[in-house]
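Printed here is query-v4.cif (mmCIF, C-alpha atoms and all ligand atoms):
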```
data_entry
#
loop_
_atom_site.label_atom_id
_atom_site.label_comp_id
_atom_site.auth_asym_id
_atom_site.auth_seq_id
_atom_site.Cartn_x
_atom_site.Cartn_y
_atom_site.Cartn_z
CA MET A 1 21.41 -18.65 -4.41
CA ARG A 2 19.36 -16.68 -6.94
CA THR A 3 17.87 -13.53 -5.42
CA GLN A 4 17.62 -11.20 -8.44
CA ASN A 5 13.85 -10.72 -8.19
CA SER A 6 13.92 -10.17 -4.43
CA ASN A 7 16.69 -7.61 -4.88
CA LYS A 8 14.77 -5.81 -7.61
CA TYR A 9 11.56 -5.60 -5.54
CA PHE A 10 13.43 -4.61 -2.40
CA GLU A 11 15.06 -1.67 -4.27
CA GLN A 12 11.55 -0.63 -5.29
CA ALA A 13 10.32 -1.01 -1.67
CA LYS A 14 13.10 1.23 -0.31
CA LYS A 15 11.95 4.09 -2.52
CA VAL A 16 8.52 4.20 -0.90
CA MET A 17 8.76 2.58 2.56
CA VAL A 18 11.20 3.36 5.35
CA ALA A 19 14.17 1.02 4.79
CA GLY A 20 11.82 -1.04 2.61
CA VAL A 21 10.08 -2.58 5.63
CA ASN A 22 6.99 -1.97 7.73
CA SER A 23 8.55 -3.19 10.98
CA PRO A 24 12.22 -2.80 11.96
CA VAL A 25 12.94 -6.46 12.79
CA ARG A 26 12.08 -7.42 9.21
CA SER A 27 15.14 -5.60 7.92
CA PHE A 28 18.34 -7.61 7.77
CA ASN A 29 20.27 -4.98 9.78
CA GLY A 30 21.16 -7.58 12.38
CA VAL A 31 22.53 -10.10 9.89
CA GLY A 32 23.69 -8.01 6.92
CA GLY A 33 22.45 -8.08 3.35
CA ASP A 34 18.99 -7.35 1.98
CA PRO A 35 15.71 -8.94 3.06
CA LEU A 36 14.06 -11.40 0.72
CA VAL A 37 10.69 -10.49 -0.71
CA MET A 38 8.26 -13.33 -0.10
CA LYS A 39 5.61 -14.44 -2.54
CA TYR A 40 3.59 -17.12 -0.74
CA GLY A 41 3.58 -19.67 2.05
CA ARG A 42 2.34 -23.27 2.24
CA ARG A 43 2.46 -25.39 5.37
CA GLN A 44 5.96 -24.96 6.88
CA LYS A 45 7.45 -23.43 3.72
CA LEU A 46 7.92 -19.87 2.51
CA PHE A 47 8.59 -19.10 -1.18
CA ASP A 48 10.30 -15.99 -2.51
CA TYR A 49 10.04 -14.29 -5.93
CA ASP A 50 13.04 -16.25 -7.21
CA ASN A 51 11.21 -19.50 -6.47
CA ASN A 52 13.49 -20.42 -3.57
CA ALA A 53 11.72 -22.46 -0.90
CA TYR A 54 12.56 -22.04 2.79
CA THR A 55 11.52 -24.05 5.81
CA ASP A 56 10.14 -21.23 7.92
CA TYR A 57 11.08 -21.06 11.60
CA CYS A 58 10.09 -17.39 11.94
CA LEU A 59 6.41 -18.14 11.21
CA SER A 60 5.28 -14.52 11.15
CA TRP A 61 7.04 -13.96 14.48
CA GLY A 62 5.27 -16.82 16.20
CA ALA A 63 1.74 -16.25 14.90
CA LEU A 64 1.51 -19.35 12.69
CA ILE A 65 1.37 -22.44 14.86
CA PHE A 66 -0.07 -24.38 11.89
CA GLY A 67 2.31 -22.97 9.34
CA HIS A 68 1.04 -21.09 6.30
CA ALA A 69 -2.42 -21.17 4.76
CA HIS A 70 -3.94 -23.94 6.85
CA ARG A 71 -7.01 -25.17 4.99
CA ASN A 72 -9.45 -24.72 7.90
CA VAL A 73 -8.28 -21.17 8.56
CA VAL A 74 -8.39 -20.20 4.88
CA LEU A 75 -11.87 -21.67 4.44
CA ALA A 76 -13.16 -19.92 7.56
CA ALA A 77 -11.77 -16.57 6.38
CA LYS A 78 -13.22 -17.04 2.87
CA LYS A 79 -16.62 -17.92 4.25
CA ALA A 80 -16.59 -14.86 6.51
CA VAL A 81 -15.33 -12.48 3.85
CA GLU A 82 -18.16 -13.40 1.53
CA LYS A 83 -20.65 -12.20 4.14
CA GLY A 84 -18.98 -8.79 4.42
CA THR A 85 -15.66 -7.56 5.71
CA SER A 86 -16.51 -5.27 8.62
CA PHE A 87 -19.73 -4.18 10.27
CA GLY A 88 -18.72 -2.13 13.30
CA THR A 89 -21.31 -4.04 15.33
CA THR A 90 -21.32 -7.09 17.58
CA THR A 91 -21.21 -10.31 15.53
CA ARG A 92 -21.60 -14.00 16.36
CA GLU A 93 -18.02 -14.54 15.17
CA GLU A 94 -16.79 -12.40 18.07
CA ILE A 95 -18.96 -14.20 20.58
CA GLY A 96 -17.67 -17.60 19.41
CA ILE A 97 -14.00 -16.83 19.86
CA ALA A 98 -14.59 -14.88 23.09
CA GLU A 99 -16.41 -17.88 24.59
CA HIS A 100 -13.60 -20.19 23.51
CA ILE A 101 -10.88 -18.04 25.09
CA VAL A 102 -12.80 -17.36 28.32
CA LYS A 103 -13.29 -21.11 28.70
CA GLN A 104 -9.63 -21.96 28.11
CA VAL A 105 -7.65 -19.18 29.80
CA PRO A 106 -8.12 -19.22 33.59
CA SER A 107 -7.50 -15.51 34.22
CA ILE A 108 -9.96 -14.25 31.59
CA GLU A 109 -13.57 -13.71 32.72
CA ARG A 110 -14.23 -10.85 30.29
CA ILE A 111 -12.33 -10.02 27.11
CA ARG A 112 -11.91 -7.12 24.67
CA PHE A 113 -10.50 -7.62 21.17
CA VAL A 114 -8.20 -5.09 19.51
CA ASN A 115 -6.07 -5.12 16.35
CA SER A 116 -2.52 -5.74 17.59
CA GLY A 117 -0.53 -6.87 20.58
CA THR A 118 0.65 -3.31 21.15
CA GLU A 119 -2.94 -2.11 21.47
CA ALA A 120 -3.64 -4.92 23.92
CA THR A 121 -0.81 -4.11 26.33
CA MET A 122 -1.33 -0.35 26.03
CA SER A 123 -5.02 -0.71 26.83
CA ALA A 124 -4.47 -3.24 29.63
CA ILE A 125 -2.08 -0.82 31.31
CA ARG A 126 -4.51 2.10 30.97
CA LEU A 127 -7.22 -0.07 32.49
CA ALA A 128 -4.97 -1.15 35.38
CA ARG A 129 -4.12 2.48 36.05
CA GLY A 130 -7.79 3.48 35.94
CA PHE A 131 -8.78 0.58 38.18
CA THR A 132 -6.14 1.18 40.84
CA GLN A 133 -6.01 4.98 40.51
CA ARG A 134 -2.24 4.64 40.60
CA ASP A 135 0.35 5.60 37.97
CA ILE A 136 3.49 3.49 38.14
CA LEU A 137 3.99 0.62 35.76
CA VAL A 138 6.63 -2.05 36.44
CA LYS A 139 8.13 -4.06 33.58
CA PHE A 140 11.24 -6.20 33.14
CA ASP A 141 14.43 -5.50 31.17
CA GLY A 142 14.47 -7.29 27.84
CA CYS A 143 10.75 -8.03 27.73
CA TYR A 144 8.96 -6.52 24.74
CA HIS A 145 5.30 -5.60 24.98
CA GLY A 146 4.85 -3.65 21.75
CA HIS A 147 5.66 -0.07 20.83
CA PHE A 148 3.57 1.82 23.40
CA ASP A 149 5.47 4.90 24.69
CA ASP A 150 5.49 3.93 28.37
CA LEU A 151 7.01 0.53 27.59
CA LEU A 152 9.83 1.47 25.25
CA THR A 153 12.62 1.45 27.77
CA LYS A 154 15.12 -1.39 28.11
CA ALA A 155 12.92 -3.39 25.78
CA GLY A 156 13.86 -6.51 23.85
CA SER A 157 13.09 -7.50 20.25
CA GLY A 158 13.86 -4.79 17.64
CA VAL A 159 14.20 -2.10 20.34
CA ALA A 160 17.30 -3.93 21.61
CA ASN A 161 19.11 -2.69 18.49
CA LEU A 162 18.64 0.94 19.54
CA LYS A 163 21.04 2.73 21.84
CA GLU A 164 20.02 1.99 25.45
CA SER A 165 17.16 -0.23 24.14
CA SER A 166 14.90 2.83 24.25
CA SER A 167 13.18 4.89 21.58
CA LEU A 168 13.62 8.58 20.80
CA GLY A 169 10.47 10.68 20.68
CA ILE A 170 9.15 9.75 24.09
CA PRO A 171 8.85 12.59 26.59
CA GLN A 172 10.57 12.04 29.91
CA SER A 173 7.18 12.58 31.55
CA HIS A 174 6.00 9.25 30.11
CA MET A 175 8.98 7.38 31.45
CA GLN A 176 8.91 8.76 34.95
CA ASN A 177 6.09 6.37 35.75
CA THR A 178 7.84 3.31 34.32
CA ILE A 179 10.19 1.15 36.36
CA SER A 180 12.15 -1.56 34.55
CA LEU A 181 13.63 -4.32 36.71
CA PRO A 182 15.94 -7.27 35.99
CA TYR A 183 14.05 -10.42 34.97
CA ASN A 184 14.21 -13.34 37.41
CA ASN A 185 15.68 -11.26 40.25
CA THR A 186 13.36 -11.93 43.19
CA LYS A 187 15.25 -9.77 45.67
CA ILE A 188 15.10 -6.58 43.59
CA LEU A 189 11.47 -7.31 42.78
CA GLU A 190 10.57 -7.58 46.49
CA GLN A 191 12.47 -4.41 47.39
CA THR A 192 10.88 -2.36 44.59
CA LEU A 193 7.30 -3.52 45.04
CA THR A 194 7.53 -2.99 48.79
CA LYS A 195 9.04 0.47 48.43
CA HIS A 196 6.48 1.76 45.88
CA LYS A 197 3.52 -0.40 46.84
CA ASP A 198 1.00 2.44 47.09
CA LYS A 199 1.96 3.95 43.74
CA ILE A 200 2.26 0.88 41.50
CA ALA A 201 -0.75 0.25 39.26
CA CYS A 202 0.49 -2.88 37.53
CA VAL A 203 3.32 -5.23 36.76
CA ILE A 204 3.52 -6.56 33.20
CA ILE A 205 5.62 -9.61 32.36
CA GLU A 206 6.18 -12.20 29.67
CA PRO A 207 5.93 -15.35 31.85
CA VAL A 208 8.24 -17.00 29.36
CA ALA A 209 10.27 -14.20 27.78
CA GLY A 210 10.64 -14.60 24.05
CA ASN A 211 11.98 -11.22 22.99
CA MET A 212 15.49 -11.55 24.44
CA GLY A 213 15.69 -15.08 23.16
CA VAL A 214 13.79 -17.62 25.22
CA ILE A 215 13.99 -17.25 29.01
CA PRO A 216 11.34 -18.92 31.16
CA ALA A 217 10.73 -17.03 34.40
CA THR A 218 11.63 -19.21 37.37
CA THR A 219 8.69 -20.57 39.38
CA GLU A 220 10.05 -18.91 42.52
CA PHE A 221 10.14 -15.53 40.74
CA LEU A 222 6.59 -15.83 39.36
CA LYS A 223 5.24 -17.08 42.70
CA THR A 224 6.78 -14.16 44.58
CA LEU A 225 5.45 -11.79 41.93
CA ARG A 226 1.94 -13.19 42.34
CA GLU A 227 2.06 -13.09 46.14
CA LEU A 228 3.36 -9.53 46.35
CA THR A 229 1.02 -8.09 43.73
CA LYS A 230 -1.92 -9.69 45.53
CA LYS A 231 -0.74 -8.36 48.89
CA TYR A 232 -0.34 -4.80 47.59
CA ASN A 233 -3.42 -4.77 45.30
CA ILE A 234 -1.25 -4.32 42.22
CA VAL A 235 -2.71 -5.62 38.95
CA LEU A 236 -0.57 -8.46 37.59
CA ILE A 237 -0.63 -8.62 33.78
CA PHE A 238 0.75 -11.61 31.89
CA ASP A 239 1.73 -10.67 28.36
CA GLU A 240 1.00 -13.97 26.61
CA ILE A 241 0.94 -12.43 23.15
CA MET A 242 3.76 -14.75 22.08
CA THR A 243 3.19 -17.64 24.50
CA GLY A 244 -0.62 -17.68 24.40
CA PHE A 245 -1.85 -20.99 22.90
CA ARG A 246 1.71 -21.81 21.76
CA THR A 247 2.42 -24.52 24.29
CA HIS A 248 -0.84 -25.27 26.08
CA PRO A 249 -4.58 -24.63 25.53
CA GLY A 250 -4.67 -22.64 28.78
CA CYS A 251 -1.46 -20.71 27.98
CA VAL A 252 1.63 -20.57 30.25
CA GLN A 253 -0.46 -19.49 33.26
CA SER A 254 -2.16 -22.91 33.23
CA GLU A 255 1.13 -24.75 32.92
CA VAL A 256 2.71 -22.99 35.88
CA ASN A 257 -0.59 -22.62 37.73
CA ILE A 258 -0.01 -18.96 38.50
CA ILE A 259 -3.04 -16.94 37.54
CA PRO A 260 -2.61 -13.23 36.80
CA ASP A 261 -5.35 -10.58 37.11
CA MET A 262 -5.18 -9.76 33.42
CA THR A 263 -3.78 -11.39 30.27
CA CYS A 264 -2.83 -9.95 26.89
CA LEU A 265 -3.09 -12.14 23.80
CA GLY A 266 -2.32 -11.72 20.09
CA LYS A 267 -0.48 -13.58 17.32
CA ILE A 268 -1.84 -17.19 17.37
CA ILE A 269 -5.42 -16.25 18.32
CA GLY A 270 -5.82 -14.45 14.95
CA GLY A 271 -4.89 -17.51 12.87
CA GLY A 272 -2.41 -15.29 10.97
CA PHE A 273 -4.59 -12.16 10.77
CA PRO A 274 -3.95 -8.92 12.71
CA ILE A 275 -5.27 -9.23 16.25
CA GLY A 276 -4.78 -8.45 19.91
CA ALA A 277 -6.93 -9.02 22.98
CA TYR A 278 -6.87 -8.28 26.66
CA GLY A 279 -9.00 -9.74 29.35
CA GLY A 280 -9.12 -10.57 33.01
CA ARG A 281 -11.07 -10.42 36.21
CA LYS A 282 -14.63 -9.22 35.72
CA ASP A 283 -14.35 -6.53 38.42
CA ILE A 284 -11.34 -5.03 36.62
CA MET A 285 -12.77 -5.32 33.10
CA GLN A 286 -15.95 -3.59 34.25
CA HIS A 287 -13.95 -0.37 34.56
CA LEU A 288 -13.71 -0.29 30.76
CA ALA A 289 -16.07 1.99 28.79
CA PRO A 290 -19.03 1.81 28.32
CA GLU A 291 -19.43 0.11 31.72
CA GLY A 292 -16.70 2.14 33.37
CA GLY A 293 -14.62 5.25 32.89
CA VAL A 294 -11.52 3.86 31.13
CA TYR A 295 -11.77 4.59 27.42
CA GLN A 296 -10.61 2.31 24.62
CA ALA A 297 -12.21 1.79 21.21
CA GLY A 298 -11.51 0.60 17.66
CA THR A 299 -13.19 0.74 14.24
CA PHE A 300 -11.97 -2.73 13.26
CA SER A 301 -11.87 -4.33 16.72
CA GLY A 302 -13.38 -7.82 16.67
CA ASN A 303 -13.38 -7.88 12.86
CA PRO A 304 -15.56 -10.83 11.76
CA VAL A 305 -13.07 -12.23 9.23
CA VAL A 306 -10.29 -12.22 11.80
CA MET A 307 -12.52 -13.67 14.52
CA LYS A 308 -13.72 -16.51 12.31
CA ALA A 309 -10.19 -17.37 11.13
CA GLY A 310 -8.85 -17.13 14.68
CA LEU A 311 -11.49 -19.44 16.07
CA ALA A 312 -10.84 -21.95 13.28
CA ALA A 313 -7.18 -22.00 14.34
CA LEU A 314 -7.93 -22.25 18.06
CA ARG A 315 -10.33 -25.15 17.47
CA LEU A 316 -7.48 -27.19 16.00
CA LEU A 317 -5.42 -26.84 19.15
CA ASN A 318 -5.88 -29.67 21.59
CA LYS A 319 -3.79 -31.65 24.07
CA ASP A 320 -2.69 -34.20 21.44
CA PHE A 321 -1.50 -31.45 19.12
CA TYR A 322 0.64 -29.90 21.86
CA LYS A 323 1.89 -33.29 23.03
CA SER A 324 3.19 -34.19 19.62
CA LEU A 325 4.65 -30.71 18.85
CA ASN A 326 6.31 -30.36 22.25
CA LYS A 327 7.77 -33.88 22.04
CA LYS A 328 9.31 -33.15 18.62
CA CYS A 329 10.85 -29.98 19.99
CA ALA A 330 12.14 -31.62 23.19
CA GLU A 331 13.91 -34.31 21.14
CA PHE A 332 15.40 -31.72 18.82
CA THR A 333 16.77 -29.48 21.59
CA GLU A 334 18.12 -32.49 23.47
CA ALA A 335 19.92 -33.72 20.35
CA ILE A 336 21.51 -30.35 19.51
CA ASN A 337 22.47 -29.56 23.09
CA SER A 338 24.05 -32.95 23.65
CA TYR A 339 26.06 -32.43 20.43
CA PHE A 340 27.28 -29.04 21.69
CA GLN A 341 28.18 -30.53 25.08
CA LYS A 342 29.93 -33.59 23.68
CA ASN A 343 32.08 -31.37 21.51
CA ASN A 344 32.70 -28.89 24.28
CA MET A 345 31.33 -26.02 22.21
CA GLY A 346 30.55 -22.63 23.76
CA VAL A 347 26.97 -22.57 22.56
CA HIS A 348 23.56 -23.92 23.56
CA MET A 349 19.94 -23.91 22.46
CA ALA A 350 17.60 -22.20 24.92
CA HIS A 351 14.05 -23.44 24.66
CA TYR A 352 10.57 -23.58 26.05
CA LYS A 353 8.73 -26.27 24.10
CA SER A 354 8.24 -24.96 20.54
CA MET A 355 9.99 -21.62 21.25
CA MET A 356 13.77 -21.67 20.88
CA SER A 357 16.84 -19.48 20.54
CA ILE A 358 20.56 -20.02 20.15
CA ARG A 359 22.96 -18.74 22.82
CA PHE A 360 26.62 -18.29 22.09
CA ARG A 361 27.83 -19.53 25.45
CA LYS A 362 27.55 -22.67 27.56
CA GLU A 363 26.03 -21.12 30.66
CA SER A 364 22.29 -20.68 30.87
CA VAL A 365 20.73 -17.26 30.42
CA LEU A 366 18.47 -15.85 33.13
CA ASN A 367 18.02 -12.19 32.29
CA TYR A 368 18.63 -9.45 29.71
CA ASP A 369 22.27 -8.82 30.71
CA ASP A 370 22.98 -12.53 30.27
CA ALA A 371 21.16 -12.47 26.91
CA LEU A 372 23.29 -9.59 25.66
CA ALA A 373 26.45 -11.33 26.87
CA ALA A 374 25.39 -14.51 25.07
CA ALA A 375 24.53 -12.79 21.78
CA GLY A 376 26.45 -13.97 18.75
CA GLY A 377 26.72 -10.65 16.88
CA GLU A 378 28.48 -11.29 13.57
CA ARG A 379 28.48 -15.04 14.20
CA TYR A 380 24.70 -14.98 14.36
CA GLY A 381 24.73 -13.24 10.96
CA GLN A 382 27.01 -15.95 9.56
CA LEU A 383 24.76 -18.66 10.98
CA PHE A 384 21.66 -16.96 9.59
CA TRP A 385 23.14 -16.90 6.06
CA HIS A 386 24.48 -20.44 6.38
CA LEU A 387 20.95 -21.62 7.14
CA LEU A 388 19.28 -19.40 4.55
CA LYS A 389 21.50 -20.79 1.81
CA ALA A 390 20.44 -24.26 2.96
CA GLY A 391 16.78 -23.28 2.57
CA ILE A 392 16.05 -22.53 6.23
CA TYR A 393 14.49 -19.21 7.27
CA TRP A 394 15.41 -18.13 10.80
CA PRO A 395 14.59 -14.75 12.36
CA PRO A 396 17.00 -12.17 10.94
CA ALA A 397 17.95 -10.93 14.44
CA ASP A 398 20.00 -12.46 17.20
CA LEU A 399 17.70 -11.92 20.19
CA GLU A 400 14.51 -13.15 18.57
CA SER A 401 13.04 -16.56 19.27
CA PHE A 402 12.36 -19.03 16.51
CA PHE A 403 9.36 -21.34 16.38
CA VAL A 404 8.32 -24.79 15.23
CA SER A 405 4.81 -25.37 13.83
CA GLY A 406 2.61 -28.43 13.72
CA MET A 407 3.51 -28.71 10.01
CA HIS A 408 7.26 -29.13 10.52
CA THR A 409 8.24 -32.73 9.91
CA GLN A 410 10.88 -34.86 11.58
CA LYS A 411 12.89 -34.49 8.38
CA ASP A 412 12.75 -30.68 8.67
CA LEU A 413 14.11 -30.85 12.20
CA ASP A 414 16.76 -33.41 11.24
CA ASP A 415 17.86 -31.08 8.41
CA LEU A 416 18.08 -28.15 10.80
CA LEU A 417 20.08 -30.27 13.22
CA GLY A 418 22.48 -31.30 10.45
CA HIS A 419 23.02 -27.73 9.23
CA LEU A 420 23.57 -26.41 12.75
CA LYS A 421 26.12 -29.16 13.41
CA GLY A 422 27.80 -28.38 10.06
CA PHE A 423 28.10 -24.69 10.91
CA PHE A 424 29.57 -25.16 14.35
CA LYS A 425 31.81 -28.07 13.34
CA ASN A 426 33.46 -26.00 10.69
CA GLY A 427 35.00 -23.83 13.35
CA GLU A 428 32.78 -20.85 12.75
CA ASN A 429 31.91 -20.93 16.46
C1 LIG B 1 5.31 -10.58 24.05
C2 LIG B 1 4.85 -9.57 23.05
N1 LIG B 1 4.05 -8.58 23.42
C3 LIG B 1 3.60 -7.67 22.54
C4 LIG B 1 3.97 -7.69 21.22
C5 LIG B 1 3.45 -6.67 20.26
O1 LIG B 1 2.52 -7.23 19.40
P1 LIG B 1 2.23 -6.55 17.97
O2 LIG B 1 3.47 -6.66 17.17
O3 LIG B 1 1.07 -7.35 17.43
O4 LIG B 1 1.86 -5.13 18.25
C6 LIG B 1 4.82 -8.71 20.78
C7 LIG B 1 5.26 -8.76 19.38
O5 LIG B 1 6.19 -9.41 19.00
C8 LIG B 1 5.28 -9.67 21.72
O6 LIG B 1 6.11 -10.66 21.35
#
```
As structure tokens, how would this structure be written, given the file I've shared?
Ligand SMILES: Cc1ncc(COP(=O)(O)O)c(C=O)c1O
Amino acid sequence: MRTQNSNKYFEQAKKVMVAGVNSPVRSFNGVGGDPLVMKYGRRQKLFDYDNNAYTDYCLSWGALIFGHAHRNVVLAAKKAVEKGTSFGTTTREEIGIAEHIVKQVPSIERIRFVNSGTEATMSAIRLARGFTQRDILVKFDGCYHGHFDDLLTKAGSGVANLKESSSLGIPQSHMQNTISLPYNNTKILEQTLTKHKDKIACVIIEPVAGNMGVIPATTEFLKTLRELTKKYNIVLIFDEIMTGFRTHPGCVQSEVNIIPDMTCLGKIIGGGFPIGAYGGRKDIMQHLAPEGGVYQAGTFSGNPVVMKAGLAALRLLNKDFYKSLNKKCAEFTEAINSYFQKNNMGVHMAHYKSMMSIRFRKESVLNYDDALAAAGGERYGQLFWHLLKAGIYWPPADLESFFVSGMHTQKDLDDLLGHLKGFFKNGEN
């Protein structure tokens, strides 16, 4: 594999950017070696500076449900950019996408756009605290909600590589109002919410966790969570930044028919541009400035180019699209898992429709402790390089999910299947 140009540019990058990357999970620390420097993307393929092509299953960490440079999204962005890049005023582009999301996502009556998922969760939590006049925030071990101080404890994604899954630089005073509980443990959830019911402002959860590999919350767990938060007037926030519009036009909340008080979105709704959004019940959202006393603002929030591109992407998503994508993914996961089972291999593919992750054990994974126990470590690194050399780009970190887009063909998935079988057959498991 020729990587001379990537190597040269990465050396240059390291001299001016921390570790040569602008986000820790982009480094290859989890798999060894140096990251590739990418030049362009088309449909399901990424191309590096040595002209290697890769079938991309990372897809900008789940943002690109149509693969790279979809014609409609590119045209929409071009059209918008020609009219001006940022006005700092209300625009019709914002109204269009806001109407679309409010119509599709059951929990969202009012919405506010921001520039990243982190901003969305941070602001949603501030709003929940302002609304309830309470301080405590409950989250779940292994979920990742962005790099907001109060959330960086026992977090998944890149934070999982830090000691204790927590960041330095966060005063203890921030953390004393954060409680992190085991995912999918209904008993501990009941005990904790009951004990602190008058002090808890909100509970934030990924309804299908994607940052400790893929773990869908059980229906019993989500139902209990909804019932208890309602009973104790605690704001329930679904972080659907990764799952939003990935599997269903109404997001996971529509699929499971459990409607939170607030929802955070990001990734897919920007069509590949930087975005975040939070929305929810009108009576809660009305506490946001200028209507209410909870402050949150942004120079570039609701940027017209992003809004126009995002809406172009969302308009392409319909039931038929999901049906066909989800079917492809179901067949793929069934094929690989039956191969693992038939050959009595200690490995399985965890999945929720077009979100997937590999687990290096037979038993299913229900929470963060299970996910850590099922991590492949060095074997994941070997698998990553095995696939990369075969022209397949997976996330360069064990506990990340990988994604399939509407552009991936049956042949792409058959190739992936073949290379996975090849890796595990050769005794590297
Ligand atoms: C579920 C979830 N929430 C929040 C975030 C943070 O979003 P951003 O990276 O846009 O700040 C992510 C990012 O991966 C995520 O997966």
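With only C-alpha atoms as the basis for measurement, A:Lys45 is the residue among A:His68, A:Lys327, A:Arg2, A:Lys45 that approaches Ile392 (chain A) most closely.
Each of A:Ala76, A:Met212, A:Pro249, A:Asp412 was checked against Tyr393 (chain A) using all atoms listed in the file; the smallest atom-to-atom distance is that of A:Asp412.
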**OP:** Can you work out the spacing between CA of His419 (chain A) and CA of Leu366 (chain A) in Å, to one decimal?
**Re:** 27.1 Å
Original post:
Between A:Leu417, A:Ala160, A:Cys329, A:Ala120, which one has atoms that come closest to ligand LIG 1 (chain B), using all atoms listed in the file?
Top reply: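 Comparing A:Leu417, A:Ala160, A:Cys329, A:Ala120 against ligand LIG 1 (chain B), the winner is A:Ala120.
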Coordinates of box centre and edge lengths for ligand LIG 1 (chain B), 8 Å on every side, axis-aligned, as JSON:
```
{"center_x": 3.6, "center_y": -7.9, "center_z": 20.6, "size_x": 21.1, "size_y": 21.5, "size_z": 22.9}
```
Given the point (-18.0, -4.0, 10.5) in the coordinates of this file, which residues lie within 6 Å, counting all atoms listed in the file, and how would they look as a PDB file with C-alpha atoms, in the frame of the given file?
```pdb
ATOM      1  CA  SER A  86     -16.510  -5.270   8.620  1.00  0.00           C
ATOM      2  CA  PHE A  87     -19.730  -4.180  10.270  1.00  0.00           C
ATOM      3  CA  GLY A  88     -18.720  -2.130  13.300  1.00  0.00           C
ATOM      4  CA  THR A  89     -21.310  -4.040  15.330  1.00  0.00           C
TER       5      THR A  89
END
```
Original post:
Which of these residues is nearest to ligand LIG 1 (chain B), using all atoms listed in the file: A:Glu334, A:Glu206, A:Glu227, A:Glu291?
Top reply: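 For ligand LIG 1 (chain B), the nearest of the given residues is A:Glu206.
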Closest-contact table, chain A side, partner ligand LIG 1 (chain B), 9 Å, counting all atoms listed in the file, as a tab-separated table:
```
residue	atom	partner	partner_atom	distance
A:Ser23	CA	B:LIG1	O2	8.7
A:Trp61	CA	B:LIG1	O5	6.5
A:Gly62	CA	B:LIG1	O5	8.0
A:Asn115	CA	B:LIG1	O3	7.6
A:Ser116	CA	B:LIG1	O3	3.9
A:Gly117	CA	B:LIG1	O1	3.3
A:Thr118	CA	B:LIG1	O4	3.6
A:Glu119	CA	B:LIG1	O4	6.5
A:Ala120	CA	B:LIG1	C3	7.9
A:Thr121	CA	B:LIG1	C3	6.8
A:Cys143	CA	B:LIG1	C1	7.0
A:Tyr144	CA	B:LIG1	C2	5.4
A:His145	CA	B:LIG1	N1	3.6
A:Gly146	CA	B:LIG1	C5	3.6
A:His147	CA	B:LIG1	O4	6.8
A:Phe148	CA	B:LIG1	O4	8.8
A:Ser157	CA	B:LIG1	O5	7.3
A:Ile205	CA	B:LIG1	C1	8.4
A:Glu206	CA	B:LIG1	C1	5.9
A:Val208	CA	B:LIG1	C1	8.8
A:Ala209	CA	B:LIG1	C1	7.2
A:Gly210	CA	B:LIG1	O6	6.6
A:Asn211	CA	B:LIG1	O6	6.1
A:Asp239	CA	B:LIG1	C1	5.6
A:Glu240	CA	B:LIG1	C1	6.1
A:Ile241	CA	B:LIG1	C1	4.8
A:Met242	CA	B:LIG1	O6	4.8
A:Thr243	CA	B:LIG1	C1	7.4
A:Cys264	CA	B:LIG1	N1	7.8
A:Leu265	CA	B:LIG1	N1	8.0
A:Gly266	CA	B:LIG1	O3	6.1
A:Lys267	CA	B:LIG1	O3	6.4
A:Pro274	CA	B:LIG1	O3	7.1
A:Ile275	CA	B:LIG1	O3	6.7
A:Gly276	CA	B:LIG1	O3	6.4
```
**OP:** Show which residues sit within 7 Å of region 39-42 of chain A, as a PyMOL selection string. Count all atoms listed in the file, and ignore same-chain residues fewer than 5 positions away.
**Re:** chain A and resi 47-49+68-69
Subject >> Contacts of Ser354 (chain A) at 8 Å (only C-alpha atoms; same-chain gap of 4+ positions) as a list in words >> reply: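 Counting only C-alpha atoms, the residues come to Arg246, Thr247, Leu325, Asn326, Cys329, Phe403, Val404 and Ser405 of chain A.
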**OP:** Find the residue from A:Asp198, A:Lys411, A:Lys15, A:Trp394 that sits nearest to Leu46 (chain A); use all atoms listed in the file when measuring.
**Re:**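 Between A:Asp198, A:Lys411, A:Lys15, A:Trp394, the residue approaching Leu46 (chain A) most closely is A:Trp394.
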**OP:** For CA of Arg359 (chain A) and CA of Ala375 (chain A), quote the distance in Å rounded to one decimal.
**Re:** 6.2 Å
**OP:** With only C-alpha atoms counted, which protein, DNA or RNA residues have an atom no more than 10 Å from (24.5, -20.4, 18.8) in the file frame? Please answer as JSON, numbers by chain.
**Re:** {"A": [340, 345, 346, 347, 348, 349, 350, 357, 358, 359, 360, 361, 362, 374, 375, 376, 379, 380, 383, 398, 420, 423, 424, 429]}
Original post:
What's the 10 Å shell around Gly272 (chain A), counting all atoms listed in the file, without same-chain residues fewer than 2 positions away, as a ChimeraX atom specification?
Top reply: /A:59-60,62-70,73-74,266-270,274-275,306,309-310,313
**OP:** Tell me, as a list in words, which residues lie within 8 Å of Tyr183 (chain A), counting all atoms listed in the file; anything in the same chain fewer than 3 positions away does not count.
**Re:**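 The contact residues come out as Phe140, Asp141, Gly142, Ala217, Leu366, Asn367 and Tyr368 of chain A.
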Mind dumping a table of every region 97-156 of chain A residue within 9 Å of region 231-238 of chain A, with the nearest atom pair and its distance in Å to one decimal, using all atoms listed in the file, sorted by chain and rising number, as a Markdown table?
```
| residue | atom | partner | partner_atom | distance |
| --- | --- | --- | --- | --- |
| A:Thr121 | CA | A:Ile237 | CA | 8.7 |
| A:Ala124 | CA | A:Ile237 | CA | 7.8 |
| A:Ile125 | CA | A:Ile237 | CA | 8.3 |
| A:Ala128 | CA | A:Val235 | CA | 6.2 |
| A:Arg129 | CA | A:Val235 | CA | 8.7 |
| A:Phe131 | CA | A:Val235 | CA | 8.7 |
| A:Thr132 | CA | A:Ile234 | CA | 7.5 |
```
